[in-house]
file my_file_11.cif (mmCIF, C-alpha atoms)
data_coords
loop_
_atom_site.group_PDB
_atom_site.id
_atom_site.type_symbol
_atom_site.label_atom_id
_atom_site.label_comp_id
_atom_site.auth_asym_id
_atom_site.auth_seq_id
_atom_site.Cartn_x
_atom_site.Cartn_y
_atom_site.Cartn_z
ATOM 1 C CA MET A 408 99.958 114.344 103.634
ATOM 2 C CA ALA A 409 97.371 111.818 104.818
ATOM 3 C CA TYR A 410 97.720 109.702 107.966
ATOM 4 C CA ILE A 411 95.694 107.048 109.744
ATOM 5 C CA THR A 412 96.367 105.430 113.105
ATOM 6 C CA LEU A 413 96.950 101.677 112.993
ATOM 7 C CA GLN A 414 97.590 99.849 116.266
ATOM 8 C CA GLY A 415 98.647 103.059 117.972
ATOM 9 C CA THR A 416 101.036 104.272 115.242
ATOM 10 C CA ASP A 417 100.322 107.017 112.722
ATOM 11 C CA HIS A 418 100.830 105.662 109.208
ATOM 12 C CA TYR A 419 101.314 107.729 106.079
ATOM 13 C CA TYR A 420 99.227 106.589 103.098
ATOM 14 C CA GLU A 421 98.269 107.766 99.637
ATOM 15 C CA TRP A 422 95.925 106.735 96.839
ATOM 16 C CA ILE A 423 97.146 106.646 93.244
ATOM 17 C CA THR A 424 94.381 106.087 90.735
ATOM 18 C CA GLN A 425 92.611 107.538 87.717
ATOM 19 C CA ALA A 426 89.182 109.084 87.250
ATOM 20 C CA ASP A 427 88.007 109.515 83.653
ATOM 21 C CA GLY A 428 91.563 108.949 82.480
ATOM 22 C CA GLN A 429 92.985 111.696 84.734
ATOM 23 C CA PRO A 430 95.220 111.192 87.787
ATOM 24 C CA SER A 431 93.296 111.132 91.058
ATOM 25 C CA GLU A 432 94.161 110.922 94.749
ATOM 26 C CA GLN A 433 90.870 109.381 95.856
ATOM 27 C CA PRO A 434 89.525 105.834 95.401
ATOM 28 C CA THR A 435 87.151 105.576 92.449
ATOM 29 C CA GLY A 436 85.516 102.209 93.025
ATOM 30 C CA LYS A 437 87.925 100.124 90.974
ATOM 31 C CA PRO A 438 89.525 97.013 92.499
ATOM 32 C CA VAL A 439 92.180 97.962 95.062
ATOM 33 C CA MET A 440 95.836 96.985 94.904
ATOM 34 C CA LEU A 441 97.850 97.404 98.119
ATOM 35 C CA PHE A 442 101.613 97.968 97.900
ATOM 36 C CA VAL A 443 104.047 96.918 100.653
ATOM 37 C CA HIS A 444 107.627 98.244 100.570
ATOM 38 C CA GLY A 445 110.826 96.698 101.889
ATOM 39 C CA TRP A 446 113.334 97.320 104.695
ATOM 40 C CA GLY A 447 114.648 100.844 105.079
ATOM 41 C CA GLY A 448 112.464 102.165 102.274
ATOM 42 C CA SER A 449 109.091 103.794 101.819
ATOM 43 C CA ALA A 450 106.114 103.780 99.491
ATOM 44 C CA ARG A 451 107.886 106.306 97.278
ATOM 45 C CA TYR A 452 109.605 103.671 95.156
ATOM 46 C CA TRP A 453 106.253 102.016 94.349
ATOM 47 C CA GLN A 454 104.744 105.190 92.904
ATOM 48 C CA SER A 455 105.756 104.635 89.274
ATOM 49 C CA THR A 456 104.464 101.046 89.334
ATOM 50 C CA ALA A 457 101.199 102.173 90.920
ATOM 51 C CA GLN A 458 100.770 104.930 88.349
ATOM 52 C CA ALA A 459 101.208 102.407 85.533
ATOM 53 C CA LEU A 460 98.488 100.180 87.044
ATOM 54 C CA SER A 461 96.122 102.955 88.122
ATOM 55 C CA ASP A 462 93.952 102.567 85.019
ATOM 56 C CA GLN A 463 92.930 99.127 86.328
ATOM 57 C CA PHE A 464 93.249 99.577 90.103
ATOM 58 C CA ASP A 465 92.814 102.083 92.869
ATOM 59 C CA CYS A 466 96.363 101.775 94.213
ATOM 60 C CA LEU A 467 96.859 102.159 97.971
ATOM 61 C CA LEU A 468 100.405 102.874 99.141
ATOM 62 C CA TYR A 469 101.570 103.320 102.728
ATOM 63 C CA ASP A 470 104.770 103.630 104.753
ATOM 64 C CA MET A 471 105.213 100.840 107.275
ATOM 65 C CA ARG A 472 105.565 101.741 110.945
ATOM 66 C CA GLY A 473 108.967 103.247 111.680
ATOM 67 C CA PHE A 474 109.832 103.824 108.010
ATOM 68 C CA GLY A 475 109.417 106.675 105.565
ATOM 69 C CA ARG A 476 106.848 109.137 106.850
ATOM 70 C CA SER A 477 105.375 106.710 109.444
ATOM 71 C CA ARG A 478 107.901 107.560 112.135
ATOM 72 C CA ARG A 479 107.425 108.016 115.856
ATOM 73 C CA GLN A 480 108.056 111.361 117.488
ATOM 74 C CA GLY A 481 111.471 111.395 119.148
ATOM 75 C CA ASN A 482 112.505 108.205 117.375
ATOM 76 C CA SER A 483 115.892 106.653 118.053
ATOM 77 C CA ASP A 484 117.658 106.757 114.722
ATOM 78 C CA ASN A 485 120.963 108.405 115.533
ATOM 79 C CA VAL A 486 124.430 107.114 116.406
ATOM 80 C CA SER A 487 123.556 105.801 119.869
ATOM 81 C CA LEU A 488 120.500 103.552 119.928
ATOM 82 C CA GLY A 489 120.529 103.109 123.685
ATOM 83 C CA ASN A 490 117.400 101.340 124.924
ATOM 84 C CA ALA A 491 116.152 100.973 121.339
ATOM 85 C CA THR A 492 117.869 97.575 121.247
ATOM 86 C CA SER A 493 115.946 96.154 124.229
ATOM 87 C CA PRO A 494 113.389 93.389 123.579
ATOM 88 C CA GLU A 495 110.614 95.732 124.713
ATOM 89 C CA ALA A 496 111.641 98.404 122.200
ATOM 90 C CA LEU A 497 111.950 95.912 119.340
ATOM 91 C CA ALA A 498 108.676 94.070 120.068
ATOM 92 C CA PRO A 499 106.400 96.466 118.091
ATOM 93 C CA PHE A 500 108.560 95.830 115.019
ATOM 94 C CA ASP A 501 108.179 92.074 114.717
ATOM 95 C CA ILE A 502 106.933 91.041 111.270
ATOM 96 C CA GLN A 503 103.726 89.737 112.866
ATOM 97 C CA CYS A 504 102.970 93.308 113.962
ATOM 98 C CA TYR A 505 103.418 94.475 110.385
ATOM 99 C CA ALA A 506 101.083 91.751 109.108
ATOM 100 C CA ASP A 507 98.549 92.908 111.706
ATOM 101 C CA ASP A 508 98.990 96.463 110.414
ATOM 102 C CA ILE A 509 97.935 95.295 106.943
ATOM 103 C CA LEU A 510 94.778 93.769 108.391
ATOM 104 C CA ALA A 511 94.051 96.981 110.318
ATOM 105 C CA LEU A 512 94.641 99.035 107.167
ATOM 106 C CA LEU A 513 92.187 96.974 105.118
ATOM 107 C CA ASP A 514 89.621 97.089 107.904
ATOM 108 C CA HIS A 515 89.995 100.870 108.228
ATOM 109 C CA PHE A 516 89.157 101.380 104.552
ATOM 110 C CA LYS A 517 86.526 98.595 104.629
ATOM 111 C CA LEU A 518 88.339 96.621 101.945
ATOM 112 C CA ASP A 519 87.097 93.038 102.011
ATOM 113 C CA ARG A 520 89.412 91.771 99.266
ATOM 114 C CA VAL A 521 92.388 93.365 97.538
ATOM 115 C CA TRP A 522 95.223 92.601 95.177
ATOM 116 C CA LEU A 523 98.582 92.812 96.960
ATOM 117 C CA GLN A 524 102.065 93.668 95.693
ATOM 118 C CA ALA A 525 105.097 93.476 98.010
ATOM 119 C CA HIS A 526 108.865 93.717 97.774
ATOM 120 C CA SER A 527 111.908 92.382 99.654
ATOM 121 C CA MET A 528 111.235 92.246 103.421
ATOM 122 C CA GLY A 529 107.687 93.189 102.519
ATOM 123 C CA THR A 530 107.305 89.784 100.854
ATOM 124 C CA SER A 531 107.947 88.069 104.202
ATOM 125 C CA ILE A 532 105.307 90.245 105.837
ATOM 126 C CA ALA A 533 102.965 89.632 102.908
ATOM 127 C CA ALA A 534 103.513 85.852 102.984
ATOM 128 C CA LEU A 535 102.619 85.827 106.677
ATOM 129 C CA PHE A 536 99.497 87.925 106.028
ATOM 130 C CA LEU A 537 98.464 85.825 103.017
ATOM 131 C CA ALA A 538 98.767 82.612 105.006
ATOM 132 C CA GLN A 539 96.761 84.009 107.934
ATOM 133 C CA HIS A 540 94.109 85.902 105.941
ATOM 134 C CA PRO A 541 93.761 84.269 102.512
ATOM 135 C CA GLU A 542 90.157 85.441 102.238
ATOM 136 C CA ARG A 543 91.347 89.074 101.980
ATOM 137 C CA VAL A 544 93.508 88.768 98.841
ATOM 138 C CA GLU A 545 92.594 87.897 95.247
ATOM 139 C CA GLN A 546 96.077 87.723 93.715
ATOM 140 C CA ALA A 547 99.560 88.556 94.968
ATOM 141 C CA VAL A 548 102.735 89.809 93.320
ATOM 142 C CA LEU A 549 105.867 89.279 95.408
ATOM 143 C CA ALA A 550 109.107 90.828 94.168
ATOM 144 C CA CYS A 551 112.486 89.651 95.447
ATOM 145 C CA GLY A 552 111.380 87.235 98.150
ATOM 146 C CA GLY A 553 112.196 83.668 99.061
ATOM 147 C CA ILE A 554 113.140 81.060 101.633
ATOM 148 C CA PHE A 555 116.261 81.508 103.757
ATOM 149 C CA GLU A 556 118.137 78.498 105.090
ATOM 150 C CA TYR A 557 118.984 79.080 108.743
ATOM 151 C CA ARG A 558 122.678 79.156 109.551
ATOM 152 C CA LYS A 559 123.308 80.284 113.094
ATOM 153 C CA LEU A 560 126.687 81.972 112.613
ATOM 154 C CA VAL A 561 125.664 83.681 109.367
ATOM 155 C CA PHE A 562 122.465 85.039 110.901
ATOM 156 C CA GLU A 563 124.256 86.262 114.030
ATOM 157 C CA LEU A 564 126.911 88.032 111.959
ATOM 158 C CA PHE A 565 124.214 89.543 109.755
ATOM 159 C CA TYR A 566 122.458 91.058 112.748
ATOM 160 C CA PHE A 567 125.743 92.122 114.378
ATOM 161 C CA PHE A 568 126.849 94.095 111.332
ATOM 162 C CA GLY A 569 123.292 95.237 110.640
ATOM 163 C CA ARG A 570 123.191 96.865 114.065
ATOM 164 C CA TYR A 571 126.313 98.880 113.298
ATOM 165 C CA VAL A 572 124.941 99.895 109.912
ATOM 166 C CA VAL A 573 121.797 101.174 111.646
ATOM 167 C CA GLN A 574 123.809 102.927 114.360
ATOM 168 C CA PHE A 575 126.106 104.760 111.970
ATOM 169 C CA ARG A 576 123.658 106.846 109.926
ATOM 170 C CA PRO A 577 124.716 110.472 110.333
ATOM 171 C CA LYS A 578 122.467 112.879 108.486
ATOM 172 C CA TRP A 579 125.498 114.512 106.848
ATOM 173 C CA MET A 580 126.036 111.315 104.865
ATOM 174 C CA ALA A 581 123.453 112.559 102.354
ATOM 175 C CA ARG A 582 125.679 115.567 101.600
ATOM 176 C CA ILE A 583 128.717 113.504 100.607
ATOM 177 C CA PRO A 584 129.257 113.487 96.834
ATOM 178 C CA PHE A 585 128.251 110.171 95.263
ATOM 179 C CA ALA A 586 126.967 108.830 98.615
ATOM 180 C CA ASP A 587 123.658 107.903 96.974
ATOM 181 C CA TRP A 588 125.504 106.008 94.240
ATOM 182 C CA ALA A 589 127.708 104.129 96.724
ATOM 183 C CA PHE A 590 124.717 103.308 98.953
ATOM 184 C CA MET A 591 122.712 101.761 96.081
ATOM 185 C CA GLN A 592 125.529 99.876 94.360
ATOM 186 C CA ARG A 593 124.936 96.555 96.119
ATOM 187 C CA PHE A 594 121.202 96.651 95.378
ATOM 188 C CA LEU A 595 121.353 97.285 91.656
ATOM 189 C CA HIS A 596 122.485 95.662 88.442
ATOM 190 C CA ARG A 597 121.283 98.569 86.283
ATOM 191 C CA PRO A 598 121.727 102.228 87.264
ATOM 192 C CA LEU A 599 118.838 104.366 88.486
ATOM 193 C CA PRO A 600 118.422 108.142 88.118
ATOM 194 C CA LYS A 601 120.171 110.185 90.784
ATOM 195 C CA ALA A 602 116.900 111.570 92.156
ATOM 196 C CA ILE A 603 115.651 108.038 92.903
ATOM 197 C CA ARG A 604 118.966 107.027 94.492
ATOM 198 C CA GLU A 605 118.802 110.100 96.729
ATOM 199 C CA GLU A 606 115.282 109.180 97.865
ATOM 200 C CA PHE A 607 116.458 105.709 98.857
ATOM 201 C CA LEU A 608 119.341 107.149 100.880
ATOM 202 C CA GLN A 609 117.050 109.681 102.571
ATOM 203 C CA ASP A 610 114.567 106.965 103.534
ATOM 204 C CA PHE A 611 117.354 104.837 104.995
ATOM 205 C CA LEU A 612 118.839 107.711 106.990
ATOM 206 C CA MET A 613 115.521 108.725 108.565
ATOM 207 C CA ALA A 614 114.196 105.226 109.351
ATOM 208 C CA ASP A 615 113.450 104.601 113.025
ATOM 209 C CA GLY A 616 116.328 102.794 114.728
ATOM 210 C CA ALA A 617 114.207 100.300 116.660
ATOM 211 C CA ALA A 618 112.094 99.578 113.569
ATOM 212 C CA SER A 619 115.216 98.946 111.494
ATOM 213 C CA LEU A 620 116.668 96.555 114.070
ATOM 214 C CA GLY A 621 113.394 94.895 115.005
ATOM 215 C CA THR A 622 112.536 94.002 111.424
ATOM 216 C CA LEU A 623 116.063 92.740 110.772
ATOM 217 C CA LYS A 624 115.942 90.536 113.841
ATOM 218 C CA SER A 625 112.502 89.069 113.115
ATOM 219 C CA ALA A 626 112.666 88.740 109.307
ATOM 220 C CA VAL A 627 116.145 87.186 109.290
ATOM 221 C CA SER A 628 115.850 84.754 112.176
ATOM 222 C CA LYS A 629 115.600 81.060 112.943
ATOM 223 C CA GLN A 630 111.880 81.439 113.566
ATOM 224 C CA ALA A 631 111.353 83.082 110.183
ATOM 225 C CA ALA A 632 113.518 80.477 108.446
ATOM 226 C CA ASP A 633 111.468 77.720 110.097
ATOM 227 C CA GLU A 634 108.046 79.281 109.434
ATOM 228 C CA MET A 635 108.366 80.926 106.006
ATOM 229 C CA PRO A 636 108.322 77.609 104.113
ATOM 230 C CA GLN A 637 104.937 76.913 105.709
ATOM 231 C CA TYR A 638 103.609 80.362 104.766
ATOM 232 C CA PHE A 639 104.677 80.059 101.134
ATOM 233 C CA GLY A 640 103.457 76.471 101.031
ATOM 234 C CA GLU A 641 100.010 77.509 102.252
ATOM 235 C CA LEU A 642 99.416 80.295 99.718
ATOM 236 C CA SER A 643 96.011 79.598 98.206
ATOM 237 C CA MET A 644 95.719 82.519 95.778
ATOM 238 C CA PRO A 645 97.525 82.884 92.435
ATOM 239 C CA THR A 646 100.895 84.420 93.264
ATOM 240 C CA LEU A 647 103.553 85.826 90.961
ATOM 241 C CA LEU A 648 107.030 85.682 92.500
ATOM 242 C CA ILE A 649 109.597 87.776 90.608
ATOM 243 C CA SER A 650 113.334 87.541 91.278
ATOM 244 C CA GLY A 651 116.142 89.671 89.897
ATOM 245 C CA GLU A 652 118.722 87.567 88.055
ATOM 246 C CA HIS A 653 121.598 89.419 89.726
ATOM 247 C CA ASP A 654 119.973 90.175 93.085
ATOM 248 C CA GLN A 655 122.691 90.086 95.754
ATOM 249 C CA ILE A 656 120.298 90.751 98.643
ATOM 250 C CA ILE A 657 117.766 87.970 98.057
ATOM 251 C CA PRO A 658 119.277 85.778 95.304
ATOM 252 C CA ALA A 659 116.963 84.199 92.744
ATOM 253 C CA ARG A 660 117.706 80.723 94.134
ATOM 254 C CA LEU A 661 115.813 81.682 97.296
ATOM 255 C CA GLY A 662 112.783 82.437 95.141
ATOM 256 C CA VAL A 663 113.158 79.037 93.515
ATOM 257 C CA GLY A 664 113.157 77.502 96.997
ATOM 258 C CA ALA A 665 109.841 79.182 97.779
ATOM 259 C CA ALA A 666 108.188 78.331 94.455
ATOM 260 C CA VAL A 667 108.885 74.599 94.626
ATOM 261 C CA LEU A 668 106.889 74.439 97.857
ATOM 262 C CA ASN A 669 103.700 75.512 96.069
ATOM 263 C CA PRO A 670 103.930 74.937 92.300
ATOM 264 C CA ASP A 671 100.146 75.083 91.851
ATOM 265 C CA ASN A 672 99.832 78.661 93.134
ATOM 266 C CA ILE A 673 103.275 80.279 92.756
ATOM 267 C CA ASP A 674 104.502 81.334 89.328
ATOM 268 C CA HIS A 675 108.206 82.112 89.773
ATOM 269 C CA GLN A 676 109.893 84.252 87.118
ATOM 270 C CA ILE A 677 113.481 85.480 87.007
ATOM 271 C CA MET A 678 113.997 88.861 85.368
ATOM 272 C CA PRO A 679 117.290 89.022 83.459
ATOM 273 C CA LYS A 680 119.786 91.837 83.922
ATOM 274 C CA THR A 681 118.166 93.156 87.110
ATOM 275 C CA GLY A 682 119.141 93.263 90.774
ATOM 276 C CA HIS A 683 117.069 93.899 93.885
ATOM 277 C CA PHE A 684 114.712 96.475 92.322
ATOM 278 C CA PRO A 685 113.454 94.943 89.068
ATOM 279 C CA MET A 686 110.377 97.190 89.070
ATOM 280 C CA LEU A 687 112.700 100.195 88.700
ATOM 281 C CA GLU A 688 115.666 98.703 86.845
ATOM 282 C CA ASP A 689 113.504 97.364 84.008
ATOM 283 C CA SER A 690 110.031 98.751 84.610
ATOM 284 C CA GLU A 691 108.727 97.876 81.139
ATOM 285 C CA ASN A 692 109.582 94.193 81.474
ATOM 286 C CA TYR A 693 108.355 94.092 85.076
ATOM 287 C CA LEU A 694 105.002 95.654 84.223
ATOM 288 C CA GLN A 695 104.545 93.388 81.246
ATOM 289 C CA ARG A 696 104.954 90.334 83.473
ATOM 290 C CA VAL A 697 102.654 91.721 86.150
ATOM 291 C CA LYS A 698 99.897 92.709 83.718
ATOM 292 C CA GLN A 699 100.041 89.341 81.994
ATOM 293 C CA PHE A 700 99.741 87.605 85.366
ATOM 294 C CA LEU A 701 96.815 89.794 86.419
ATOM 295 C CA GLN A 702 94.856 88.649 83.358
ATOM 296 C CA GLN A 703 94.683 85.172 84.889
ATOM 297 C CA PRO A 704 91.583 84.162 86.869
ATOM 298 C CA ALA A 705 91.696 85.409 90.438
ATOM 299 C CA SER A 706 91.393 83.186 93.489
ATOM 300 C CA VAL A 707 88.262 81.311 94.405
ATOM 301 C CA GLU A 708 86.265 82.670 97.350
ATOM 302 C CA VAL A 709 87.535 81.164 100.609
#

call {"tool": "encode", "arguments": {"input": "my_file_11.cif", "output": "C-alpha cells"}}
result
Amino acid sequence: MAYITLQGTDHYYEWITQADGQPSEQPTGKPVMLFVHGWGGSARYWQSTAQALSDQFDCLLYDMRGFGRSRRQGNSDNVSLGNATSPEALAPFDIQCYADDILALLDHFKLDRVWLQAHSMGTSIAALFLAQHPERVEQAVLACGGIFEYRKLVFELFYFFGRYVVQFRPKWMARIPFADWAFMQRFLHRPLPKAIREEFLQDFLMADGAASLGTLKSAVSKQAADEMPQYFGELSMPTLLISGEHDQIIPARLGVGAAVLNPDNIDHQIMPKTGHFPMLEDSENYLQRVKQFLQQPASVEV
C-alpha cells in the first residue's frame, strides 16, 4: 500500500494504468486522470472505471483524508464522538482543505495538468478546485453533483440526523445478514454485487468521525449553497456532468440547476435507470458517455 503525506495527513494512493497492453501500477507517461470519491467512500469504487480508461490515461486514485485508508491514528469513529464535534476538530475537514489536498497531490507528483473525474461530495470539492485552479485541469467529469438551494430547517435537520448516523456505526453492523443490502438501498436503482456492497459498508463503518461530520457540515451548508453556483458558473474547461435519473441523494434536477449556470462549458446528461452510482449501476453506458466526451477538444491553456 502506497502513502504520501499531504498537509500533514498520510493519504493512500494507487496508480491504475497499462504498459504495452498489460496492467501496471506505475505511471507510464500517458495523460493523467485523477479520481475523487464521495462522502463515506474510498477510491475502491473508482477502480473498475479507471481500469476501463487505463489504455488512454495513467489513472491516479486516492482516499481523501479521514476516509478509506487515509485515516488518522486513534481516529474518533465509534459511538461517542466526544470532542470530535468541536469546531477545532472539524476544521481540517472543510471542503476547502480537501481542494487544497488535490493541489498538494498534483504538486507532489509534478502534474501540471490533469483530467479530473469526481463523484457526489467529491464534485463539490472538485468544483471548488476547478474554479480556483483552472490551469491545472484539461477536462472534468462530475458524476452526481449539483446546486443545493439553502433551506435553514432542512439543512439543520440533515446535519442533526447525519450526526447520529455517524455516531451509531458499530463494527458488528457488518456481520448482520443483509446489512450491506439495506445500507445501499437508498443509493441505488439497480442492484450491485454483494462484494461491492460490502466494500461500501466497510468504508462507511471505518470512516473517521470528525471527517464524516466536517464534510457534511461544510458541503451541505449555507456557505456552500451560496458559493457553489459561482464555482459551477466559473468553470472554464469542458465539463461533463452526469446525473442518475433516480438518484435520491443528489436528484438530477440539482444537476440541471448547475448546468444552466454555464451552458457553454457544462454538458449535463441524465443516465436512465440509475441512482447515485451510475458508473457502477450501468458501467457500459457511463463509460460510453465519458469516452465520447473525452474525444472533444480539451480546454485552452489558461

call {"tool": "resolve_selection", "arguments": {"input": "my_file_11.cif", "expression": "the PyMOL selection byres ((chain A and resi 586) around 12)", "output": "list of chain:residue names"}}
result
A:Arg576, A:Lys578, A:Trp579, A:Met580, A:Ala581, A:Arg582, A:Ile583, A:Pro584, A:Phe585, A:Asp587, A:Trp588, A:Ala589, A:Phe590, A:Met591, A:Gln592, A:Lys601, A:Arg604, A:Glu605, A:Glu606, A:Phe607, A:Leu608, A:Gln609, A:Leu612

call {"tool": "resolve_selection", "arguments": {"input": "my_file_11.cif", "expression": "the PyMOL selection byres ((chain A and resi 653) around 8)", "output": "JSON, numbers by chain"}}
result
{"A": [596, 651, 652, 654, 655, 658, 659, 679, 680, 681, 682, 683]}

call {"tool": "closest_residue", "arguments": {"input": "my_file_11.cif", "among": "A:Asp470, A:Asp689, A:Glu495, A:Glu545", "to": "Tyr420 (chain A)", "atoms": "only C-alpha atoms"}}
result
A:Asp470

call {"tool": "atom_distance", "arguments": {"input": "my_file_11.cif", "atom1": "CA of Lys559 (chain A)", "atom2": "CA of Ile649 (chain A)"}}
result
27.4 Å

call {"tool": "residues_near_point", "arguments": {"input": "my_file_11.cif", "point": "(105.9, 76.4, 102.3)", "cutoff": "10 Å", "atoms": "all atoms listed in the file", "output": "list of chain:residue names"}}
result
A:Ala534, A:Ala538, A:Ile554, A:Asp633, A:Glu634, A:Met635, A:Pro636, A:Gln637, A:Tyr638, A:Phe639, A:Gly640, A:Glu641, A:Leu642, A:Gly664, A:Ala665, A:Ala666, A:Val667, A:Leu668, A:Asn669

call {"tool": "closest_residue", "arguments": {"input": "my_file_11.cif", "among": "A:Pro541, A:Pro704, A:Gly552, A:Pro600", "to": "Arg520 (chain A)", "atoms": "all atoms listed in the file"}}
result
A:Pro541

call {"tool": "residues_around", "arguments": {"input": "my_file_11.cif", "residues": "Ala614 (chain A)", "least_positions_apart": "3", "cutoff": "7 Å", "atoms": "all atoms listed in the file", "output": "list in words"}}
result
Gly447, Gly473, Phe474, Gly475, Asp484, Asp610, Phe611 and Ser619 of chain A

call {"tool": "atom_distance", "arguments": {"input": "my_file_11.cif", "atom1": "CA of Leu513 (chain A)", "atom2": "CA of Val439 (chain A)"}}
result
10.1 Å

call {"tool": "residues_near_point", "arguments": {"input": "my_file_11.cif", "point": "(107.2, 88.7, 97.4)", "cutoff": "10 Å", "atoms": "all atoms listed in the file", "output": "number ranges by chain"}}
result
A: 443, 445, 523-534, 547-553, 639, 646-650, 662, 665

call {"tool": "closest_residue", "arguments": {"input": "my_file_11.cif", "among": "A:Gly569, A:Gly448, A:Pro430, A:Pro494", "to": "Tyr469 (chain A)", "atoms": "only C-alpha atoms"}}
result
A:Gly448

call {"tool": "atom_distance", "arguments": {"input": "my_file_11.cif", "atom1": "CA of Glu688 (chain A)", "atom2": "CA of Pro434 (chain A)"}}
result
28.4 Å

call {"tool": "resolve_selection", "arguments": {"input": "my_file_11.cif", "expression": "the PyMOL selection byres ((chain A and resi 672) around 7)", "output": "VMD selection string"}}
result
chain A and resid 642 to 646 669 to 671 673 to 674

call {"tool": "closest_residue", "arguments": {"input": "my_file_11.cif", "among": "A:Tyr571, A:Phe536, A:Tyr505, A:Phe700", "to": "Ala618 (chain A)", "atoms": "only C-alpha atoms"}}
result
A:Tyr505

call {"tool": "closest_residue", "arguments": {"input": "my_file_11.cif", "among": "A:Ile677, A:Ala409, A:Val572, A:Val521", "to": "Arg543 (chain A)", "atoms": "only C-alpha atoms"}}
result
A:Val521

call {"tool": "residues_around", "arguments": {"input": "my_file_11.cif", "residues": "Leu623 (chain A)", "least_positions_apart": "2", "cutoff": "12 Å", "atoms": "only C-alpha atoms", "output": "PyMOL selection string"}}
result
chain A and resi 445-447+492+497-498+500-502+527-529+531+562-570+572-573+616-621+625-629+631

call {"tool": "residues_around", "arguments": {"input": "my_file_11.cif", "residues": "Gln414 (chain A)", "least_positions_apart": "6", "cutoff": "10 Å", "atoms": "all atoms listed in the file", "output": "list in words"}}
result
Arg472, Pro499, Cys504, Tyr505, Asp507, Asp508, Ala511 and Leu512 of chain A

call {"tool": "build_atoms", "arguments": {"input": "my_file_11.cif", "residues": "region 689-705 of chain A", "atoms": "N, CA and C atoms", "output": "mmCIF file, in the frame of the given file"}}
result
data_model
loop_
_atom_site.group_PDB
_atom_site.id
_atom_site.type_symbol
_atom_site.label_atom_id
_atom_site.label_comp_id
_atom_site.auth_asym_id
_atom_site.auth_seq_id
_atom_site.Cartn_x
_atom_site.Cartn_y
_atom_site.Cartn_z
ATOM 1 N N ASP A 689 114.076 97.688 85.316
ATOM 2 C CA ASP A 689 113.504 97.364 84.008
ATOM 3 C C ASP A 689 111.989 97.395 84.148
ATOM 4 N N SER A 690 111.454 98.592 84.309
ATOM 5 C CA SER A 690 110.031 98.751 84.610
ATOM 6 C C SER A 690 109.147 98.199 83.496
ATOM 7 N N GLU A 691 109.554 98.353 82.252
ATOM 8 C CA GLU A 691 108.727 97.876 81.139
ATOM 9 C C GLU A 691 108.547 96.361 81.194
ATOM 10 N N ASN A 692 109.634 95.649 81.387
ATOM 11 C CA ASN A 692 109.582 94.193 81.474
ATOM 12 C C ASN A 692 108.792 93.761 82.702
ATOM 13 N N TYR A 693 109.056 94.430 83.830
ATOM 14 C CA TYR A 693 108.355 94.092 85.076
ATOM 15 C C TYR A 693 106.851 94.263 84.916
ATOM 16 N N LEU A 694 106.427 95.395 84.381
ATOM 17 C CA LEU A 694 105.002 95.654 84.223
ATOM 18 C C LEU A 694 104.359 94.699 83.230
ATOM 19 N N GLN A 695 105.078 94.345 82.209
ATOM 20 C CA GLN A 695 104.545 93.388 81.246
ATOM 21 C C GLN A 695 104.244 92.054 81.922
ATOM 22 N N ARG A 696 105.155 91.600 82.764
ATOM 23 C CA ARG A 696 104.954 90.334 83.473
ATOM 24 C C ARG A 696 103.800 90.435 84.464
ATOM 25 N N VAL A 697 103.723 91.543 85.169
ATOM 26 C CA VAL A 697 102.654 91.721 86.150
ATOM 27 C C VAL A 697 101.293 91.786 85.468
ATOM 28 N N LYS A 698 101.180 92.565 84.404
ATOM 29 C CA LYS A 698 99.897 92.709 83.718
ATOM 30 C C LYS A 698 99.450 91.397 83.095
ATOM 31 N N GLN A 699 100.390 90.645 82.556
ATOM 32 C CA GLN A 699 100.041 89.341 81.994
ATOM 33 C C GLN A 699 99.534 88.404 83.084
ATOM 34 N N PHE A 700 100.184 88.435 84.232
ATOM 35 C CA PHE A 700 99.741 87.605 85.366
ATOM 36 C C PHE A 700 98.363 88.003 85.842
ATOM 37 N N LEU A 701 98.093 89.309 85.913
ATOM 38 C CA LEU A 701 96.815 89.794 86.419
ATOM 39 C C LEU A 701 95.647 89.433 85.514
ATOM 40 N N GLN A 702 95.921 89.064 84.272
ATOM 41 C CA GLN A 702 94.856 88.649 83.358
ATOM 42 C C GLN A 702 94.341 87.253 83.680
ATOM 43 N N GLN A 703 95.100 86.507 84.508
ATOM 44 C CA GLN A 703 94.683 85.172 84.889
ATOM 45 C C GLN A 703 93.489 85.256 85.842
ATOM 46 N N PRO A 704 92.702 84.173 85.913
ATOM 47 C CA PRO A 704 91.583 84.162 86.869
ATOM 48 C C PRO A 704 92.069 84.380 88.285
ATOM 49 N N ALA A 705 91.344 85.165 89.052
ATOM 50 C CA ALA A 705 91.696 85.409 90.438
ATOM 51 C C ALA A 705 91.355 84.210 91.289
#
